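Below is one structure, written out as structure tokens, with a few remarks after it.
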Amino acid sequence: MNGTGVAAQTRELAERLVRIEAASKHVAEEDADATCRVCEKLRRPLVTLTGSAGFSSLLSRALILAQREAPALGTVQVKADGSMQGFQGAAAAATHVLVTYLLSLLITFIGETLTMRLIDDIWPELPQRAVSPLEKEAK
Amino acid sequence: MNQTKRVKINQLPSGVPGLDEIVGGGFPEFSFNIIAGAPGCGKTTLAHQFVFKNATEERPALYFTVLGEPALKMLRYQQQYTFFDPTKLNTSVRFVNLSQELIDHGLQGVLEEITRQVQATNAGIVVVDSFRTVLRREYRDGREVEVQSFVQELALLLTSWEATTFLIGEYSEAELADNPVFTVADGLFWLYQQVERNSVVRKLQVMKLRGQMSVPGMHTFRITNAGLQAFSRTLGLTGNKRKGPDRKRLSTGIAALDEMMGGGVPEGDSLLISGPSGAGKSLLATQFIASGLRVGEPGIVAVFEERPDEYAERASTFGLDLKTALDEGSLAIIYLRPLDLSVDEMMQELIDAVKKTGAKRLVIDSLAGFEMALAPGFRTDFRESLYRMIFALTGIGITILSTLEMEENFTKFPFSSYLISFLTDDIIRMRYVEIEGQLRKIMMIVKMRGCAHSNDIREYKITEDGIVIGERLTDYEQLTTGIPQRSIKN
């Protein structure tokens with residue numbers, strides 16, 4: 001835990017996912033495209049699960065939480081279909097924070113086991129790791 | 001070839017303990033079913049239990065959610081149940097949200113998406129939760145014809161693709177008439193949640209099930225952290241052991257009483273011990289159980305008015321060792337005290353204990369306590385419930401001894417109250433009598449179905465060795481009034 005309400009393991013997982021996506025396209029981790037691809041890959045199964053509106057709500061909530069930690073994300077907007085826009089300048093460098101909070105929200109709602117199953121389905125190459133406990137710190 | 005070869009309908013386990021017996025073996029494969037009931041009565045949980053029991057990677061379950069409980073919240077809550085297997089998620093069990101299809105494209109959009117998903121995944125199970133929300137939207141536009149055609153097409157599609165289907169809906173019974181959904185359905189399962197005085201009672205009914213015999217009537221069920229557990233009205237026991245005169249006799253543990261009964265209690269009988277408070281009914285029952293244990297017959301004691309350790313402790317004061325049998329598992333003392341139980345739930349407890357211990361003898365101490373432990377709504381049906389219970393248990397060869405407290409009356413002599421005499425094969429009556437300035441005790445056998453028995457009225461005493469039966473009181477008349485007169489002999 002790090003005082004932001006998000007477990008360190010969740011943050012580490014988010015960074016790892018961004019790194020995987022950056023590596024697959026040979027771009028820098030700070031490249032917003034890597035984060036967008038993480039969110040886009042999460043979007044597909046989550047839209048199936050919760051519908052576009054459900055995913056859009058979840059992402060919007062994650063964005064609000066992420067903006068507290070990284071105000072540069074203030075330029076980012078979530079569209080109705082769950083896609084995003086507005087990654088410019090400093091926002092691009094803080095995008096992994098958004099992934100962190102999206103994962104954190106998922107863990108809050110459906111728990112670590114189901115979240116990790118979802119992630120394992122999307123990124124089967126992700127090495128198995130110890131993720132417990134991923135609970136939020138008391139705010 | 002003049003012999004018709006009927007198609008065999010496979011039955012899928014419901015995943016709900018007790019429900020397979022109620023539906024006649026399991027849910028018919030490829031059937032198109034409806035689970036209906038008011039919100040909060042367990043419809044979604046029932047569907048989840050079926051899904052997690054039967055879904056495989058080759059024939060996964062598609063769980064469609066529509067404008068009802070969001071799937072994220074459904075997963076959040078359902079994973080609390082022990083049957084929920086997270087390893088099946090997205091492989092054997094797939095959740096799909098259809099809200100957007102319904103909003104954007106109406107019923108046709110929903111049908112197309114279900115078709116696409118079923119064909120793409122080779123789904124063997126399809127659940128639509130809530131189906132009511134799918135149709136409500138179309139009714140609002142006054143397009144009932146489209147609803148009928150949608151239901152027909154959906155049923156045709158899912159049956160053709162060999163899917164077993166459950167549509168979940170918050171329906172009321174008033175909607176049963178002229179509803180195309182109920183007409184098309186092969187199975188209709190209705191769940192109820194009734195508040196009766198201060199208790200909540202859950203019941204389910206199989207209102208329709210094509211192709212197989214289900215058990216009619218209302219069956220109680222309970223929701224625990226393991227999900228639903230149903231209790232069949234037949235209690236899952238259909239044995240009907242013949243009761244012939246040549247049956248084995250079970251000792252009561254009191255030699256003189258065995259003699260009065262012509263050798264003991266006939267195996268598989270239901271014996272009622274009735275009498276006032278302090279007459280020794282519980283002691284007689286304990287001696288009956290202890291006697292069985294001594295000859296290797298496991299037993300069950302259902303107590304309502306004292307705890308198992310107290311019961312065993314009290315037995316030890318009469319030299320009856322129940323603790324050893326308890327430790328060895330040949331005796332189970334079941335303390336049933338919650339005030340919202342149904343008879344069926346209690347029966348399930350007893351049946352589970354019978355199976356676990358291999359019990360041959362069962363003591364219910366007492367029937368009044370039994371009745372009080374029931375939810376108020378069940379007390380009105382107590383006699384009928386008692387009949388089902390006794391019939392079911394004696395049918396599989398269990399010998400039952402029940403105690404019944406009776407208010408002592410010095411002007412009348414009822415054999416037993418509750419009008420339950422007809423439910424029991426044998427009745428022993430204990431009572432107080434006033435003789436020579438003393439309150440003494442007498443015992444008699446009122447009834448033994450199909451067996452000869454002593455007509456003697458015998459005095460007995462409660463000693464540190466248990467009940468000791470004395471001689472027939474030949475010097476007195478009108479003993480059954482409680483105020484006997486000394487006989488005048490010529």
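Just so we're on the same page: first chain in the structure tokens is A, next is B, and so on; residues restart at 1 for each chain, and ligands are numbered from 1 in the order they show up.
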task = Excluding Val18 of chain A and any residue of its chain fewer than 4 positions from it, enumerate the residues within 7 Å of it, using only C-alpha atoms, and give them as a count of residues only.
result = 7
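Any residue of chain B with an atom within 6 Å of chain A counts; using only C-alpha atoms, that gives Ala71, Arg76, Phe95, Val96 and Asn97 of chain B.
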request  = Based on DSSP run over this structure's backbone, return all residues of chain A in alpha helix (DSSP H), as a count of residues only.
outcome  = 88
ask   = In Å to one decimal, how far is atom CA of Glu58 of chain B from atom CA of Arg132 of chain B?
value = 29.2 Å
request  = as a ChimeraX atom specification, list the residues of segment 105-247 of chain B assigned to strand (DSSP E or B) by DSSP on the backbone atoms of this structure.
outcome  = /B:125-129,164-169,187-196,199-209,218-224,227-231
Save out the residues we just selected, N, CA and C atoms, as a CSV table (one decimal), in the first residue's frame.
```csv
chain,number,residue,atom,x,y,z
B,125,ILE,N,-25.9,-24.5,-22.4
B,125,ILE,CA,-26.8,-24.0,-21.5
B,125,ILE,C,-27.0,-22.5,-21.8
B,126,VAL,N,-28.2,-22.0,-21.7
B,126,VAL,CA,-28.4,-20.6,-22.0
B,126,VAL,C,-29.3,-20.1,-20.8
B,127,VAL,N,-28.9,-19.0,-20.2
B,127,VAL,CA,-29.8,-18.3,-19.2
B,127,VAL,C,-30.0,-16.9,-19.6
B,128,VAL,N,-31.2,-16.4,-19.5
B,128,VAL,CA,-31.5,-15.0,-19.8
B,128,VAL,C,-32.1,-14.4,-18.5
B,129,ASP,N,-31.3,-13.5,-17.9
B,129,ASP,CA,-31.7,-12.9,-16.6
B,129,ASP,C,-31.6,-11.4,-16.7
B,164,THR,N,-30.0,-26.3,-23.2
B,164,THR,CA,-31.0,-26.3,-22.1
B,164,THR,C,-31.1,-24.8,-21.6
B,165,THR,N,-32.3,-24.3,-21.6
B,165,THR,CA,-32.5,-22.9,-21.4
B,165,THR,C,-33.3,-22.6,-20.1
B,166,PHE,N,-32.9,-21.5,-19.5
B,166,PHE,CA,-33.6,-21.0,-18.4
B,166,PHE,C,-33.8,-19.5,-18.6
B,167,LEU,N,-35.1,-19.1,-18.6
B,167,LEU,CA,-35.4,-17.7,-18.6
B,167,LEU,C,-35.9,-17.3,-17.2
B,168,ILE,N,-35.3,-16.2,-16.7
B,168,ILE,CA,-35.6,-15.8,-15.3
B,168,ILE,C,-36.4,-14.6,-15.3
B,169,GLY,N,-37.5,-14.6,-14.6
B,169,GLY,CA,-38.4,-13.4,-14.6
B,169,GLY,C,-39.1,-13.1,-13.3
B,187,GLY,N,-40.8,-26.2,-18.9
B,187,GLY,CA,-40.8,-26.3,-17.5
B,187,GLY,C,-41.0,-24.9,-16.9
B,188,LEU,N,-41.8,-24.9,-15.8
B,188,LEU,CA,-42.1,-23.6,-15.1
B,188,LEU,C,-41.9,-23.8,-13.6
B,189,PHE,N,-40.9,-23.1,-13.1
B,189,PHE,CA,-40.6,-23.3,-11.7
B,189,PHE,C,-40.8,-22.0,-11.0
B,190,TRP,N,-41.6,-22.1,-10.0
B,190,TRP,CA,-42.1,-20.8,-9.3
B,190,TRP,C,-41.5,-20.8,-7.9
B,191,LEU,N,-40.8,-19.7,-7.5
B,191,LEU,CA,-40.2,-19.6,-6.2
B,191,LEU,C,-41.0,-18.5,-5.4
B,192,TYR,N,-41.2,-18.8,-4.2
B,192,TYR,CA,-42.0,-17.9,-3.3
B,192,TYR,C,-41.2,-17.6,-2.0
B,193,GLN,N,-41.4,-16.4,-1.5
B,193,GLN,CA,-40.8,-16.0,-0.3
B,193,GLN,C,-42.0,-15.4,0.6
B,194,GLN,N,-42.4,-16.1,1.6
B,194,GLN,CA,-43.6,-15.7,2.3
B,194,GLN,C,-43.2,-15.3,3.7
B,195,VAL,N,-43.7,-14.2,4.2
B,195,VAL,CA,-43.5,-13.8,5.6
B,195,VAL,C,-44.7,-14.3,6.4
B,196,GLU,N,-44.4,-15.2,7.3
B,196,GLU,CA,-45.5,-15.7,8.2
B,196,GLU,C,-45.2,-15.3,9.6
B,199,SER,N,-41.6,-15.0,10.8
B,199,SER,CA,-40.6,-15.9,10.1
B,199,SER,C,-40.8,-15.7,8.6
B,200,VAL,N,-39.7,-16.0,7.9
B,200,VAL,CA,-39.7,-16.0,6.4
B,200,VAL,C,-39.6,-17.4,6.0
B,201,VAL,N,-40.5,-17.8,5.1
B,201,VAL,CA,-40.5,-19.2,4.6
B,201,VAL,C,-40.4,-19.2,3.1
B,202,ARG,N,-39.4,-19.9,2.6
B,202,ARG,CA,-39.2,-20.0,1.1
B,202,ARG,C,-39.8,-21.3,0.6
B,203,LYS,N,-40.5,-21.2,-0.5
B,203,LYS,CA,-41.1,-22.4,-1.0
B,203,LYS,C,-41.0,-22.4,-2.6
B,204,LEU,N,-41.0,-23.6,-3.2
B,204,LEU,CA,-40.9,-23.6,-4.6
B,204,LEU,C,-42.0,-24.7,-5.1
B,205,GLN,N,-42.4,-24.4,-6.3
B,205,GLN,CA,-43.4,-25.3,-6.9
B,205,GLN,C,-43.0,-25.6,-8.4
B,206,VAL,N,-43.1,-26.8,-8.8
B,206,VAL,CA,-43.0,-27.2,-10.2
B,206,VAL,C,-44.4,-27.1,-10.8
B,207,MET,N,-44.7,-26.0,-11.5
B,207,MET,CA,-46.0,-25.8,-12.0
B,207,MET,C,-46.2,-26.5,-13.3
B,208,LYS,N,-45.1,-26.8,-14.0
B,208,LYS,CA,-45.2,-27.4,-15.3
B,208,LYS,C,-43.9,-28.1,-15.6
B,209,LEU,N,-43.9,-29.3,-16.1
B,209,LEU,CA,-42.7,-29.9,-16.5
B,209,LEU,C,-43.0,-31.0,-17.5
B,218,MET,N,-46.1,-27.7,-2.9
B,218,MET,CA,-45.1,-26.7,-2.5
B,218,MET,C,-44.0,-27.4,-1.6
B,219,HIS,N,-42.8,-27.1,-2.0
B,219,HIS,CA,-41.6,-27.7,-1.3
B,219,HIS,C,-40.8,-26.5,-0.7
B,220,THR,N,-40.4,-26.7,0.5
B,220,THR,CA,-39.7,-25.6,1.2
B,220,THR,C,-38.2,-25.6,0.7
B,221,PHE,N,-37.6,-24.5,0.7
B,221,PHE,CA,-36.1,-24.5,0.4
B,221,PHE,C,-35.5,-23.4,1.3
B,222,ARG,N,-34.2,-23.5,1.4
B,222,ARG,CA,-33.4,-22.5,2.2
B,222,ARG,C,-32.3,-22.0,1.4
B,223,ILE,N,-31.8,-20.8,1.7
B,223,ILE,CA,-30.6,-20.3,1.0
B,223,ILE,C,-29.6,-20.1,2.0
B,224,THR,N,-28.5,-20.8,1.9
B,224,THR,CA,-27.3,-20.7,2.8
B,224,THR,C,-26.1,-20.2,1.9
B,227,GLY,N,-25.8,-21.9,-1.3
B,227,GLY,CA,-26.8,-21.7,-2.3
B,227,GLY,C,-28.2,-22.3,-1.8
B,228,LEU,N,-29.0,-22.7,-2.8
B,228,LEU,CA,-30.3,-23.2,-2.4
B,228,LEU,C,-30.2,-24.6,-2.0
B,229,GLN,N,-31.0,-25.0,-1.0
B,229,GLN,CA,-31.2,-26.4,-0.7
B,229,GLN,C,-32.7,-26.7,-0.6
B,230,ALA,N,-33.2,-27.6,-1.4
B,230,ALA,CA,-34.6,-27.8,-1.4
B,230,ALA,C,-35.0,-29.1,-0.6
B,231,PHE,N,-36.2,-29.1,-0.1
B,231,PHE,CA,-36.7,-30.2,0.7
B,231,PHE,C,-38.0,-30.7,0.2
```
query = Within 8 Å of segment 304-316 of chain B, counting only C-alpha atoms, which residues qualify if same-chain residues fewer than 6 places away don't, as a VMD selection string?
reply = chain B and resid 283 286 322 to 323 333 to 337 365 to 366 369 to 370 373
inquiry  = List as a list in words the protein and nucleic acid residues near Ala255 of chain B, meaning an atom at most 12 Å away when only C-alpha atoms are counted, but skip any in the same chain fewer than 2 places from it.
reply    = Leu250, Ser251, Thr252, Gly253, Leu257, Asp258, Glu259, Met260, Met261, Gly262, Gly263, Gly264, Val265, Leu284, Gln287, Phe288, Ser291, Gly466, Ile467, Val468, Ile469 and Gly470 of chain B
Written file, previous selection with N, CA and C atoms, as a PDB file, in the first residue's frame:
```pdb
ATOM      1  N   LEU B 250     -37.660 -54.836  19.104  1.00  0.00           N
ATOM      2  CA  LEU B 250     -36.575 -54.034  19.672  1.00  0.00           C
ATOM      3  C   LEU B 250     -36.832 -53.830  21.166  1.00  0.00           C
ATOM      4  N   SER B 251     -35.854 -54.134  21.958  1.00  0.00           N
ATOM      5  CA  SER B 251     -36.028 -53.980  23.402  1.00  0.00           C
ATOM      6  C   SER B 251     -36.103 -52.511  23.787  1.00  0.00           C
ATOM      7  N   THR B 252     -36.976 -52.224  24.738  1.00  0.00           N
ATOM      8  CA  THR B 252     -37.076 -50.856  25.264  1.00  0.00           C
ATOM      9  C   THR B 252     -35.999 -50.585  26.307  1.00  0.00           C
ATOM     10  N   GLY B 253     -35.294 -51.646  26.711  1.00  0.00           N
ATOM     11  CA  GLY B 253     -34.336 -51.499  27.800  1.00  0.00           C
ATOM     12  C   GLY B 253     -34.977 -51.749  29.138  1.00  0.00           C
ATOM     13  N   LEU B 257     -41.410 -54.148  30.488  1.00  0.00           N
ATOM     14  CA  LEU B 257     -42.181 -53.456  29.445  1.00  0.00           C
ATOM     15  C   LEU B 257     -42.124 -54.249  28.145  1.00  0.00           C
ATOM     16  N   ASP B 258     -40.935 -54.788  27.838  1.00  0.00           N
ATOM     17  CA  ASP B 258     -40.816 -55.640  26.645  1.00  0.00           C
ATOM     18  C   ASP B 258     -41.818 -56.797  26.725  1.00  0.00           C
ATOM     19  N   GLU B 259     -41.905 -57.343  27.930  1.00  0.00           N
ATOM     20  CA  GLU B 259     -42.824 -58.474  28.140  1.00  0.00           C
ATOM     21  C   GLU B 259     -44.276 -58.035  27.901  1.00  0.00           C
ATOM     22  N   MET B 260     -44.612 -56.856  28.420  1.00  0.00           N
ATOM     23  CA  MET B 260     -45.972 -56.333  28.221  1.00  0.00           C
ATOM     24  C   MET B 260     -46.274 -56.115  26.737  1.00  0.00           C
ATOM     25  N   MET B 261     -45.224 -55.795  25.971  1.00  0.00           N
ATOM     26  CA  MET B 261     -45.419 -55.509  24.542  1.00  0.00           C
ATOM     27  C   MET B 261     -45.284 -56.761  23.684  1.00  0.00           C
ATOM     28  N   GLY B 262     -45.174 -57.887  24.314  1.00  0.00           N
ATOM     29  CA  GLY B 262     -45.082 -59.132  23.550  1.00  0.00           C
ATOM     30  C   GLY B 262     -43.712 -59.362  22.967  1.00  0.00           C
ATOM     31  N   GLY B 263     -42.701 -58.750  23.604  1.00  0.00           N
ATOM     32  CA  GLY B 263     -41.325 -58.980  23.151  1.00  0.00           C
ATOM     33  C   GLY B 263     -40.570 -57.715  22.819  1.00  0.00           C
ATOM     34  N   GLY B 264     -41.223 -56.599  22.859  1.00  0.00           N
ATOM     35  CA  GLY B 264     -40.546 -55.331  22.562  1.00  0.00           C
ATOM     36  C   GLY B 264     -41.284 -54.565  21.477  1.00  0.00           C
ATOM     37  N   VAL B 265     -40.659 -53.491  21.001  1.00  0.00           N
ATOM     38  CA  VAL B 265     -41.286 -52.646  19.980  1.00  0.00           C
ATOM     39  C   VAL B 265     -41.056 -53.290  18.615  1.00  0.00           C
ATOM     40  N   LEU B 284     -37.658 -43.047  29.623  1.00  0.00           N
ATOM     41  CA  LEU B 284     -37.999 -44.263  28.873  1.00  0.00           C
ATOM     42  C   LEU B 284     -37.376 -44.194  27.466  1.00  0.00           C
ATOM     43  N   GLN B 287     -33.705 -44.832  27.696  1.00  0.00           N
ATOM     44  CA  GLN B 287     -33.430 -46.258  27.911  1.00  0.00           C
ATOM     45  C   GLN B 287     -33.599 -47.040  26.602  1.00  0.00           C
ATOM     46  N   PHE B 288     -34.571 -46.602  25.790  1.00  0.00           N
ATOM     47  CA  PHE B 288     -34.814 -47.248  24.493  1.00  0.00           C
ATOM     48  C   PHE B 288     -33.590 -47.074  23.577  1.00  0.00           C
ATOM     49  N   SER B 291     -30.569 -49.002  24.996  1.00  0.00           N
ATOM     50  CA  SER B 291     -30.732 -50.439  24.780  1.00  0.00           C
ATOM     51  C   SER B 291     -30.293 -50.822  23.374  1.00  0.00           C
ATOM     52  N   GLY B 466     -33.094 -46.351  36.431  1.00  0.00           N
ATOM     53  CA  GLY B 466     -34.066 -46.124  35.382  1.00  0.00           C
ATOM     54  C   GLY B 466     -35.458 -46.513  35.820  1.00  0.00           C
ATOM     55  N   ILE B 467     -36.313 -46.773  34.857  1.00  0.00           N
ATOM     56  CA  ILE B 467     -37.708 -47.116  35.169  1.00  0.00           C
ATOM     57  C   ILE B 467     -37.789 -48.579  35.592  1.00  0.00           C
ATOM     58  N   VAL B 468     -38.423 -48.789  36.715  1.00  0.00           N
ATOM     59  CA  VAL B 468     -38.621 -50.159  37.210  1.00  0.00           C
ATOM     60  C   VAL B 468     -40.126 -50.397  37.311  1.00  0.00           C
ATOM     61  N   ILE B 469     -40.600 -51.362  36.562  1.00  0.00           N
ATOM     62  CA  ILE B 469     -42.041 -51.631  36.531  1.00  0.00           C
ATOM     63  C   ILE B 469     -42.401 -52.658  37.596  1.00  0.00           C
ATOM     64  N   GLY B 470     -43.416 -52.328  38.342  1.00  0.00           N
ATOM     65  CA  GLY B 470     -43.861 -53.213  39.412  1.00  0.00           C
ATOM     66  C   GLY B 470     -45.016 -54.094  38.969  1.00  0.00           C
TER      67      GLY B 470
END
```
Contacts of Gly74 of chain A within 12 Å, only C-alpha atoms, excl. fewer than 5 positions in-chain, as a ChimeraX atom specification = /A:60,63-69,85-92,94-95,98
Please save C-alpha atoms of the selected residues as a short mmCIF file (atom, residue, chain, number, x, y, z; two decimals), in the first residue's frame.
```cif
data_model
loop_
_atom_site.label_atom_id
_atom_site.label_comp_id
_atom_site.auth_asym_id
_atom_site.auth_seq_id
_atom_site.Cartn_x
_atom_site.Cartn_y
_atom_site.Cartn_z
CA SER A 60 -14.91 7.20 -16.01
CA LEU A 63 -10.24 8.31 -14.54
CA ILE A 64 -11.62 10.53 -11.79
CA LEU A 65 -9.66 8.58 -9.18
CA ALA A 66 -6.50 8.63 -11.33
CA GLN A 67 -6.78 12.40 -11.85
CA ARG A 68 -6.41 12.92 -8.10
CA GLU A 69 -3.00 11.29 -8.26
CA GLN A 85 -9.32 10.80 -26.13
CA GLY A 86 -7.15 13.67 -24.94
CA PHE A 87 -3.83 11.99 -24.20
CA GLN A 88 -1.47 14.83 -24.80
CA GLY A 89 1.69 16.08 -23.19
CA ALA A 90 2.00 15.21 -19.52
CA ALA A 91 -1.14 13.11 -19.60
CA ALA A 92 0.58 10.60 -21.84
CA ALA A 94 0.73 9.30 -16.48
CA THR A 95 -1.52 6.94 -18.33
CA LEU A 98 -5.41 5.15 -15.16
#
```
